[in-house]
Amino acid sequence: MAELHALAQAAGVAREWTDVEGRHQVVGDAALAAVLDALGYETGSERQIITSLAAITQQRASLPGMLVGDCGAPIALPFAPSSAEATGEDGETQALVIAIDHLIAPDAPGYYDLMVDGQALKLAVAPAACPLPPQGRCRPWGVSVQIPAMRGARPAPFGTFAELAEAARGFGAAGADALAINPVHAMFPGHGVHYSPYSPSSRLFLNGALADPALADLPPFPPEEGPPLIDWAEALPRRLAQLRSLFAALDPERRAALSATDDAMLHRHALFDAIDCHFRAGMGVHGWRSWPQAFHDPAGEAANRFAAEHADEVAFHIFVQNLARQGLAAAQGAAKDAGMSIGLIGDLAVGVDLSGSDAWSLRHAMLDGLTIGAPPDPLGPLGQNWAITGFSPNGLRATGYAPWIAMIRAGLASGGGLRIDHAFGLARLWVIPGGAATGDGAYLSYPFEDLIRLATLEAHRAGAIIIAEDLGTAPYGFTGAVTARAMLGMQVLWFQRAEDNGFIGAGDYQPRSAAMSGTHDTVTVAGWWRGRDLDWAEQLGRLPQDTSRAEAEAIRDWDRGLLWSTLRPDTPRPAPEDTAPVVDAAIAHVARTPSCLALVTLEDMLGEEEQPNLPGTVEVHPNWRRRIAAPIGELLADAAVAQRCATLAEQPPRPMEGEMPQ
C-alpha cells in the first residue's frame with residue numbers, strides 16, 4: 001500500500017533494511033502497521049493514514065522544543081524568521097545572524113534561551129568533538145570490572161562502591177588510568193529476581209544496593225561472607241532491610257539532611273520505589289503495570305495521596321539515593337587520588353524495564369507498546385527481544401530532549417567517561433510490537449545528529465570521554481560521524497579479524513578507539529584458549545547447527561593457531577590447558593595497539609576462564625553472579641597480575657593521525 005509506505009518513511013520506520021550477511025530485507029505491511037500504530041499513527045484505513053501523514057507534516061512545520069547545532073554553524077528552521085536572539089548561561093544576550101531559513105549558532109558551546117520571532121525555545125550548541133583520553137608519559141589504560149563481583153577487606157555478599165573504591169586505589173597505584181564499570185542504574189529495591197544491570201528501572205538514578213554507609217561516615221554493614229556465587233534472591237532483600245535499619249537509627253537531624261532533595265524527578269523516583277515496595281510486599285507484583293490502575297498516573301490523586309501518607313517511606317528511598325551518590329563520588333575520588341587520569345568510566349544501558357521507574361514517570365517521552373531488540377541473523381535465527389523499552393523519537397523532540405540530556409548527565413555525574421551500550425541506537429533501534437514475533441519488528445530511526453551533538457556537549461561540560469559501543473553492522477554514516485566527534489569505538493580482540501579470518505596485527509587498530517581484550521559478554525582469553533565456552537555451548541545445546549563438539553574443537557584449534565601467529569609468531573604455541581602465556585600475550589597485544597585507550601577485563605587480568613554473562617541465557621548460566629577470589633589488593637600482589645599491569649603501564653602514547661582535540 002503506497003500510502004502506508006509513505007507514512008512509514010515519514011515516521012522514520014524503515015520498510016527495507018540490510019542484514020548482517022548483506023541480504024536485502026523487506027518489512028511486511030502488517031508489521032509496518034503494527035509499529036506505526038504503537039507510535040500513535042492510525043493506519044486502519046486510507047483516510048486515517050492520510051490524517052497521520054498530515055500530522056507529521058504539521059509537526060515538521062513548527063519549531064521543536066530545542067534546536068541543536070554546532071558552534072558557529074548554520075541551523076535549519078522550518079520557516080524564514082525575521083529575528084533571533086540567544087541568551088547564554090552567563091546571562092549575556094546576542095542577536096544571531098539569519099540566513100534565509102537558517103540561523104547561525106553562537107561560537108561558544110553551551111545551552112541558550114532562544115527567541116525566534118518572539119517564540120521561546122532552547123538552543124544547544126555543541127563543540128566539534130568530545131575530550132580524548134589524556135596522553136601522558138604512557139598511553140592510558142584501564143580495567144573493566146563488574147562491581148558486584150569484587151571483594152574487599154571486609155567480607156560481604158557482593159561488591160559495592162566500597163569495593164570499587166578499594167579497586168580504584170589498587171589499580172591506580174599500579175599505574176591504571178581508568179576503571180570501566182558495569183551499569184549502576186537504579187534497579188527495583190530488594191527485588192532479587194530481575195538483577196541484570198542492563199534491564200534497570202531507571203537510568204537517571206543509582207542502584208541503592210551498591211551504596212555503602214561507611215563511605216558516608218555512617219556505621220558500616222556487618223561483615224558477612226556470602227556464597228561463592230551471589231545469591232541475589234537472598235542478598236537484595238537483606239540489603240534493603242539493612243538500609244532500613246540504618247535509616248531508622250539516624251538521629252532526626254542527620255536523617256533530615258540525608259533525605260532532603262529539591263529534585264522533583266528524584267522525589268518521583270523515590271515515590272515509585274516506595275509504591276513498588278508496598279505492592280510487592282502486599283500483592284507480590286512487580287512494577288507499575290501490575291499496580292492498581294489508579295496508581296498508573298505518577299501525578300494522579302492516588303500517587304499523591306500515597307506520597308503524603310507514606311512520607312517517611314519516600315524519604316527513606318531518597319536517603320538511599322543520596323547514600324549511593326556519595327558512594328559513587330567517593331569511588332571516583334579514590335580513583336583520582338590514586339593518580340588515575342580518567343577514573344571511572346560508566347556504562348549506559350540501551351533501555352529500561354517496561355515496568356520500571358522511567359517508564360512510569362517519563363511515559364510521555366517513552367516508547368509504549370514496543371520493545372527493543374535485534375532482528376534475526378545467522379547467530380540468532382529468531383532474533384532477540386530484550387524486553388526493555390526506551391525513549392521515542394517524537395517524545396524526545398516534544399520534550400526538547402530534556403530527559404535524554406538528564407540521562408547522559410546522570411551517567412557522567414561521578415566519573416571521567418561513559419560507554420554508550422549499543423550506540424547504534426543513537427541512529428536506529430529494532431522495535432517489536434507487543435505480542436509480536438521478533439522478526440515482525442522494524443528499524444525505527446532516531447535524530448542521530450542531534451543526539452551525538454548533545455552527547456558531545458555533555459562530555460565537553462563534564463570533561464569526560466565517550467566510548468560508543470559499535471560491535472556489529474553499523475548504520476550508514478554512523479562510524480564516520482562518531483569518529484569525527486572523537487567518540488571512541490570499541491576494538492575487541494575477538495572481533496578484529498582480517499578477510500582471511502586471521503586476527504589483525506596490533507598496529508592495525510584504529511587510533512580513535514578503545515582496544516579491549518574482551519567484554520562482559522565475551523569469553524575470557526583463558527576460557528577461549530582452553531575451550532571453556534565450547535563446554536558451555538555443548539552443555540546448553542548452543543553449538544552451531546550441524547556442528548559436533550569434535551568439529552567445534554577442530555575449528556578452535558585452527559583459530560588458536562591464527563591467534564598465536566598474531567600474538568607471538570616466533571614462539572611455540574602453548575597447549576590448550578596452558579593459558580597463562582596466552583593471557584600475557586593477549587594483554588601485550590592490546591598494549592601495543594595505537595588505540596588511545598587500552599582496556600583489559602578484570603577476568604583477563606586474573607587469567608579467569610569464566611565470563612560474567614553468557615548472552616541469550618538467564619537461569620542456565622550464573623550470569624552476574626560470579627565473584628573474584630580475593631580482594632584486589634591481594635590479587636595485585638600476585639606476580640603474574642603485577643606483570644600484566646606493568647606491560648600495560650610501560651607502553652608510551654602513540655602519535656595520533658591528524659589533529660586530535662583535547
# chains A, B, ... in the order shown; residues from 1 in each chain; ligands from 1

$ select_by_dssp --residues "region 28-63 of chain A" --states "alpha helix (DSSP H)" --output "list of chain:residue names"
A:Asp29, A:Ala30, A:Ala31, A:Leu32, A:Ala33, A:Ala34, A:Val35, A:Leu36, A:Asp37, A:Ala38, A:Glu46, A:Arg47, A:Gln48, A:Ile49, A:Ile50, A:Thr51, A:Ser52, A:Leu53, A:Ala54, A:Ala55, A:Ile56, A:Thr57, A:Gln58, A:Gln59, A:Arg60

$ residues_around --residues "region 479-484 of chain A" --least-positions-apart "6" --cutoff "9 Å" --atoms "only C-alpha atoms" --output "VMD selection string"
chain A and resid 128 to 129 449 452 468 470 512 to 513

$ write_last_selection --atoms "all heavy atoms" --output "PDB file, in the first residue's frame"
ATOM      1  N   ALA A 128      33.157  20.848  18.617  1.00  0.00           N
ATOM      2  CA  ALA A 128      33.466  19.975  17.490  1.00  0.00           C
ATOM      3  C   ALA A 128      33.615  18.520  17.901  1.00  0.00           C
ATOM      4  O   ALA A 128      33.261  17.614  17.146  1.00  0.00           O
ATOM      5  CB  ALA A 128      34.738  20.452  16.792  1.00  0.00           C
ATOM      6  N   ALA A 129      34.152  18.274  19.104  1.00  0.00           N
ATOM      7  CA  ALA A 129      34.476  16.898  19.469  1.00  0.00           C
ATOM      8  C   ALA A 129      34.471  16.724  20.979  1.00  0.00           C
ATOM      9  O   ALA A 129      34.560  17.690  21.744  1.00  0.00           O
ATOM     10  CB  ALA A 129      35.853  16.517  18.912  1.00  0.00           C
ATOM     11  N   GLU A 449      21.976  13.001  14.490  1.00  0.00           N
ATOM     12  CA  GLU A 449      22.874  14.154  14.547  1.00  0.00           C
ATOM     13  C   GLU A 449      22.649  14.966  15.816  1.00  0.00           C
ATOM     14  O   GLU A 449      23.604  15.417  16.463  1.00  0.00           O
ATOM     15  CB  GLU A 449      22.679  15.034  13.305  1.00  0.00           C
ATOM     16  CG  GLU A 449      23.155  14.403  12.005  1.00  0.00           C
ATOM     17  CD  GLU A 449      24.670  14.206  11.971  1.00  0.00           C
ATOM     18  OE1 GLU A 449      25.375  14.902  12.727  1.00  0.00           O
ATOM     19  OE2 GLU A 449      25.133  13.367  11.185  1.00  0.00           O
ATOM     20  N   ILE A 452      24.133  12.889  18.913  1.00  0.00           N
ATOM     21  CA  ILE A 452      25.592  12.878  19.090  1.00  0.00           C
ATOM     22  C   ILE A 452      26.115  14.279  19.405  1.00  0.00           C
ATOM     23  O   ILE A 452      27.116  14.427  20.110  1.00  0.00           O
ATOM     24  CB  ILE A 452      26.333  12.259  17.883  1.00  0.00           C
ATOM     25  CG1 ILE A 452      26.090  13.030  16.593  1.00  0.00           C
ATOM     26  CG2 ILE A 452      25.965  10.805  17.720  1.00  0.00           C
ATOM     27  CD1 ILE A 452      26.980  12.554  15.453  1.00  0.00           C
ATOM     28  N   ALA A 468      31.673   4.676  22.314  1.00  0.00           N
ATOM     29  CA  ALA A 468      30.454   4.273  21.621  1.00  0.00           C
ATOM     30  C   ALA A 468      30.566   2.797  21.250  1.00  0.00           C
ATOM     31  O   ALA A 468      31.369   2.440  20.387  1.00  0.00           O
ATOM     32  CB  ALA A 468      30.236   5.129  20.375  1.00  0.00           C
ATOM     33  N   ASP A 470      30.158  -0.141  19.314  1.00  0.00           N
ATOM     34  CA  ASP A 470      29.831  -0.218  17.896  1.00  0.00           C
ATOM     35  C   ASP A 470      30.088  -1.608  17.322  1.00  0.00           C
ATOM     36  O   ASP A 470      30.525  -1.738  16.175  1.00  0.00           O
ATOM     37  CB  ASP A 470      30.633   0.825  17.116  1.00  0.00           C
ATOM     38  CG  ASP A 470      32.138   0.712  17.354  1.00  0.00           C
ATOM     39  OD1 ASP A 470      32.551  -0.096  18.220  1.00  0.00           O
ATOM     40  OD2 ASP A 470      32.907   1.413  16.675  1.00  0.00           O
ATOM     41  N   ARG A 512      41.525   6.257  17.194  1.00  0.00           N
ATOM     42  CA  ARG A 512      40.382   6.764  17.964  1.00  0.00           C
ATOM     43  C   ARG A 512      39.494   5.594  18.388  1.00  0.00           C
ATOM     44  O   ARG A 512      38.362   5.433  17.929  1.00  0.00           O
ATOM     45  CB  ARG A 512      39.591   7.779  17.152  1.00  0.00           C
ATOM     46  CG  ARG A 512      40.311   9.088  16.955  1.00  0.00           C
ATOM     47  CD  ARG A 512      39.392  10.168  16.424  1.00  0.00           C
ATOM     48  NE  ARG A 512      40.101  11.429  16.251  1.00  0.00           N
ATOM     49  CZ  ARG A 512      39.530  12.571  15.913  1.00  0.00           C
ATOM     50  NH1 ARG A 512      38.233  12.630  15.706  1.00  0.00           N
ATOM     51  NH2 ARG A 512      40.240  13.669  15.780  1.00  0.00           N
ATOM     52  N   SER A 513      40.038   4.780  19.264  1.00  0.00           N
ATOM     53  CA  SER A 513      39.296   3.612  19.727  1.00  0.00           C
ATOM     54  C   SER A 513      39.807   3.210  21.095  1.00  0.00           C
ATOM     55  O   SER A 513      40.869   3.657  21.544  1.00  0.00           O
ATOM     56  CB  SER A 513      39.465   2.438  18.751  1.00  0.00           C
ATOM     57  OG  SER A 513      40.778   1.893  18.836  1.00  0.00           O
TER      58      SER A 513
END

$ closest_residue --among "A:Thr579, A:Gln539, A:Thr566, A:Ser414" --to "Gly527 (chain A)" --atoms "only C-alpha atoms"
A:Thr579

$ residues_around --residues "Asp212 (chain A)" --least-positions-apart "5" --cutoff "10 Å" --atoms "only C-alpha atoms" --output "list in words"
Gly159, Thr160, Phe161, Ala162, Glu163, Asp217, Leu218, Pro219, Pro220, Phe221, Leu243, Val320, Leu323, Ala324, Gln326, Gly327 and Leu328 of chain A

$ write_last_selection --atoms "C-alpha atoms" --output "PDB file, in the first residue's frame"
ATOM      1  CA  GLY A 159      30.696  -5.908  45.924  1.00  0.00           C
ATOM      2  CA  THR A 160      29.581  -2.302  46.441  1.00  0.00           C
ATOM      3  CA  PHE A 161      31.020   1.152  45.842  1.00  0.00           C
ATOM      4  CA  ALA A 162      33.309   0.487  48.807  1.00  0.00           C
ATOM      5  CA  GLU A 163      34.950  -2.440  46.987  1.00  0.00           C
ATOM      6  CA  ASP A 217      30.724   8.282  57.511  1.00  0.00           C
ATOM      7  CA  LEU A 218      27.874   6.096  58.763  1.00  0.00           C
ATOM      8  CA  PRO A 219      28.139   2.767  60.624  1.00  0.00           C
ATOM      9  CA  PRO A 220      29.242   0.033  58.188  1.00  0.00           C
ATOM     10  CA  PHE A 221      27.220  -3.025  57.296  1.00  0.00           C
ATOM     11  CA  LEU A 243      19.421   0.049  54.783  1.00  0.00           C
ATOM     12  CA  VAL A 320      19.262   5.504  49.709  1.00  0.00           C
ATOM     13  CA  LEU A 323      23.893   7.392  50.012  1.00  0.00           C
ATOM     14  CA  ALA A 324      24.578   5.827  46.619  1.00  0.00           C
ATOM     15  CA  GLN A 326      28.055   9.800  47.891  1.00  0.00           C
ATOM     16  CA  GLY A 327      29.458   6.298  47.479  1.00  0.00           C
ATOM     17  CA  LEU A 328      29.969   6.581  43.744  1.00  0.00           C
TER      18      LEU A 328
END

$ residues_around --residues "Ser196 (chain A)" --least-positions-apart "5" --cutoff "9 Å" --atoms "only C-alpha atoms" --output "list in words"
Met187, Asn623 and Trp624 of chain A

$ closest_residue --among "A:Gly170, A:Gly343, A:Pro375, A:Pro574" --to "Val641 (chain A)" --atoms "only C-alpha atoms"
A:Gly170

$ select_by_dssp --residues "region 263-484 of chain A" --states "strand (DSSP E or B)" --output "VMD selection string"
chain A and resid 343 to 348 352 to 353 366 370 to 374 377 380 384 to 389 391 417 to 420 428 to 433 442 to 445 465 to 468

$ decode --residues "region 444-456 of chain A" --atoms "all heavy atoms" --output "PDB file, in the first residue's frame"
ATOM      1  N   LEU A 444      13.500   1.652  13.667  1.00  0.00           N
ATOM      2  CA  LEU A 444      12.959   2.984  13.898  1.00  0.00           C
ATOM      3  C   LEU A 444      14.120   3.957  13.991  1.00  0.00           C
ATOM      4  O   LEU A 444      15.054   3.753  14.782  1.00  0.00           O
ATOM      5  CB  LEU A 444      12.148   2.996  15.198  1.00  0.00           C
ATOM      6  CG  LEU A 444      11.610   4.346  15.678  1.00  0.00           C
ATOM      7  CD1 LEU A 444      10.605   4.918  14.696  1.00  0.00           C
ATOM      8  CD2 LEU A 444      10.984   4.208  17.066  1.00  0.00           C
ATOM      9  N   SER A 445      14.085   5.002  13.195  1.00  0.00           N
ATOM     10  CA  SER A 445      15.202   5.950  13.174  1.00  0.00           C
ATOM     11  C   SER A 445      15.061   6.978  14.284  1.00  0.00           C
ATOM     12  O   SER A 445      13.957   7.308  14.726  1.00  0.00           O
ATOM     13  CB  SER A 445      15.287   6.655  11.814  1.00  0.00           C
ATOM     14  OG  SER A 445      14.153   7.467  11.600  1.00  0.00           O
ATOM     15  N   TYR A 446      16.221   7.485  14.730  1.00  0.00           N
ATOM     16  CA  TYR A 446      16.305   8.480  15.793  1.00  0.00           C
ATOM     17  C   TYR A 446      17.034   9.707  15.276  1.00  0.00           C
ATOM     18  O   TYR A 446      17.767   9.630  14.272  1.00  0.00           O
ATOM     19  CB  TYR A 446      17.026   7.884  17.013  1.00  0.00           C
ATOM     20  CG  TYR A 446      16.112   7.025  17.861  1.00  0.00           C
ATOM     21  CD1 TYR A 446      15.709   5.776  17.421  1.00  0.00           C
ATOM     22  CD2 TYR A 446      15.618   7.500  19.067  1.00  0.00           C
ATOM     23  CE1 TYR A 446      14.831   4.998  18.181  1.00  0.00           C
ATOM     24  CE2 TYR A 446      14.752   6.737  19.833  1.00  0.00           C
ATOM     25  CZ  TYR A 446      14.357   5.489  19.393  1.00  0.00           C
ATOM     26  OH  TYR A 446      13.494   4.740  20.128  1.00  0.00           O
ATOM     27  N   PRO A 447      16.865  10.850  15.931  1.00  0.00           N
ATOM     28  CA  PRO A 447      17.550  12.080  15.483  1.00  0.00           C
ATOM     29  C   PRO A 447      19.049  12.001  15.794  1.00  0.00           C
ATOM     30  O   PRO A 447      19.546  12.639  16.734  1.00  0.00           O
ATOM     31  CB  PRO A 447      16.842  13.182  16.282  1.00  0.00           C
ATOM     32  CG  PRO A 447      16.308  12.498  17.495  1.00  0.00           C
ATOM     33  CD  PRO A 447      15.950  11.109  17.052  1.00  0.00           C
ATOM     34  N   PHE A 448      19.752  11.220  15.012  1.00  0.00           N
ATOM     35  CA  PHE A 448      21.143  10.857  15.265  1.00  0.00           C
ATOM     36  C   PHE A 448      22.050  12.065  15.425  1.00  0.00           C
ATOM     37  O   PHE A 448      22.818  12.171  16.392  1.00  0.00           O
ATOM     38  CB  PHE A 448      21.621   9.955  14.123  1.00  0.00           C
ATOM     39  CG  PHE A 448      23.066   9.561  14.187  1.00  0.00           C
ATOM     40  CD1 PHE A 448      23.600   9.009  15.334  1.00  0.00           C
ATOM     41  CD2 PHE A 448      23.898   9.721  13.085  1.00  0.00           C
ATOM     42  CE1 PHE A 448      24.935   8.625  15.395  1.00  0.00           C
ATOM     43  CE2 PHE A 448      25.225   9.342  13.128  1.00  0.00           C
ATOM     44  CZ  PHE A 448      25.743   8.800  14.289  1.00  0.00           C
ATOM     45  N   GLU A 449      21.976  13.001  14.490  1.00  0.00           N
ATOM     46  CA  GLU A 449      22.874  14.154  14.547  1.00  0.00           C
ATOM     47  C   GLU A 449      22.649  14.966  15.816  1.00  0.00           C
ATOM     48  O   GLU A 449      23.604  15.417  16.463  1.00  0.00           O
ATOM     49  CB  GLU A 449      22.679  15.034  13.305  1.00  0.00           C
ATOM     50  CG  GLU A 449      23.155  14.403  12.005  1.00  0.00           C
ATOM     51  CD  GLU A 449      24.670  14.206  11.971  1.00  0.00           C
ATOM     52  OE1 GLU A 449      25.375  14.902  12.727  1.00  0.00           O
ATOM     53  OE2 GLU A 449      25.133  13.367  11.185  1.00  0.00           O
ATOM     54  N   ASP A 450      21.390  15.147  16.190  1.00  0.00           N
ATOM     55  CA  ASP A 450      21.116  15.883  17.418  1.00  0.00           C
ATOM     56  C   ASP A 450      21.656  15.138  18.637  1.00  0.00           C
ATOM     57  O   ASP A 450      22.233  15.749  19.552  1.00  0.00           O
ATOM     58  CB  ASP A 450      19.605  16.087  17.589  1.00  0.00           C
ATOM     59  CG  ASP A 450      19.069  17.220  16.730  1.00  0.00           C
ATOM     60  OD1 ASP A 450      19.870  17.861  16.019  1.00  0.00           O
ATOM     61  OD2 ASP A 450      17.850  17.470  16.766  1.00  0.00           O
ATOM     62  N   LEU A 451      21.467  13.822  18.681  1.00  0.00           N
ATOM     63  CA  LEU A 451      21.878  13.057  19.854  1.00  0.00           C
ATOM     64  C   LEU A 451      23.392  13.026  20.016  1.00  0.00           C
ATOM     65  O   LEU A 451      23.905  13.135  21.138  1.00  0.00           O
ATOM     66  CB  LEU A 451      21.312  11.639  19.782  1.00  0.00           C
ATOM     67  CG  LEU A 451      19.780  11.534  19.852  1.00  0.00           C
ATOM     68  CD1 LEU A 451      19.349  10.076  19.834  1.00  0.00           C
ATOM     69  CD2 LEU A 451      19.221  12.239  21.088  1.00  0.00           C
ATOM     70  N   ILE A 452      24.133  12.889  18.913  1.00  0.00           N
ATOM     71  CA  ILE A 452      25.592  12.878  19.090  1.00  0.00           C
ATOM     72  C   ILE A 452      26.115  14.279  19.405  1.00  0.00           C
ATOM     73  O   ILE A 452      27.116  14.427  20.110  1.00  0.00           O
ATOM     74  CB  ILE A 452      26.333  12.259  17.883  1.00  0.00           C
ATOM     75  CG1 ILE A 452      26.090  13.030  16.593  1.00  0.00           C
ATOM     76  CG2 ILE A 452      25.965  10.805  17.720  1.00  0.00           C
ATOM     77  CD1 ILE A 452      26.980  12.554  15.453  1.00  0.00           C
ATOM     78  N   ARG A 453      25.438  15.310  18.919  1.00  0.00           N
ATOM     79  CA  ARG A 453      25.835  16.668  19.317  1.00  0.00           C
ATOM     80  C   ARG A 453      25.611  16.874  20.818  1.00  0.00           C
ATOM     81  O   ARG A 453      26.463  17.431  21.516  1.00  0.00           O
ATOM     82  CB  ARG A 453      25.029  17.702  18.528  1.00  0.00           C
ATOM     83  CG  ARG A 453      25.449  17.865  17.070  1.00  0.00           C
ATOM     84  CD  ARG A 453      24.682  18.997  16.419  1.00  0.00           C
ATOM     85  NE  ARG A 453      25.062  19.190  15.036  1.00  0.00           N
ATOM     86  CZ  ARG A 453      24.269  18.960  13.983  1.00  0.00           C
ATOM     87  NH1 ARG A 453      23.020  18.527  14.180  1.00  0.00           N
ATOM     88  NH2 ARG A 453      24.702  19.169  12.765  1.00  0.00           N
ATOM     89  N   LEU A 454      24.451  16.436  21.308  1.00  0.00           N
ATOM     90  CA  LEU A 454      24.157  16.610  22.737  1.00  0.00           C
ATOM     91  C   LEU A 454      25.112  15.790  23.593  1.00  0.00           C
ATOM     92  O   LEU A 454      25.561  16.258  24.656  1.00  0.00           O
ATOM     93  CB  LEU A 454      22.707  16.211  23.011  1.00  0.00           C
ATOM     94  CG  LEU A 454      21.645  17.176  22.467  1.00  0.00           C
ATOM     95  CD1 LEU A 454      20.260  16.559  22.567  1.00  0.00           C
ATOM     96  CD2 LEU A 454      21.690  18.508  23.214  1.00  0.00           C
ATOM     97  N   ALA A 455      25.432  14.571  23.159  1.00  0.00           N
ATOM     98  CA  ALA A 455      26.402  13.767  23.906  1.00  0.00           C
ATOM     99  C   ALA A 455      27.768  14.444  23.919  1.00  0.00           C
ATOM    100  O   ALA A 455      28.474  14.453  24.944  1.00  0.00           O
ATOM    101  CB  ALA A 455      26.508  12.370  23.295  1.00  0.00           C
ATOM    102  N   THR A 456      28.148  15.030  22.795  1.00  0.00           N
ATOM    103  CA  THR A 456      29.424  15.741  22.713  1.00  0.00           C
ATOM    104  C   THR A 456      29.437  16.950  23.632  1.00  0.00           C
ATOM    105  O   THR A 456      30.428  17.218  24.330  1.00  0.00           O
ATOM    106  CB  THR A 456      29.699  16.176  21.261  1.00  0.00           C
ATOM    107  OG1 THR A 456      29.699  15.026  20.410  1.00  0.00           O
ATOM    108  CG2 THR A 456      31.032  16.888  21.139  1.00  0.00           C
TER     109      THR A 456
END
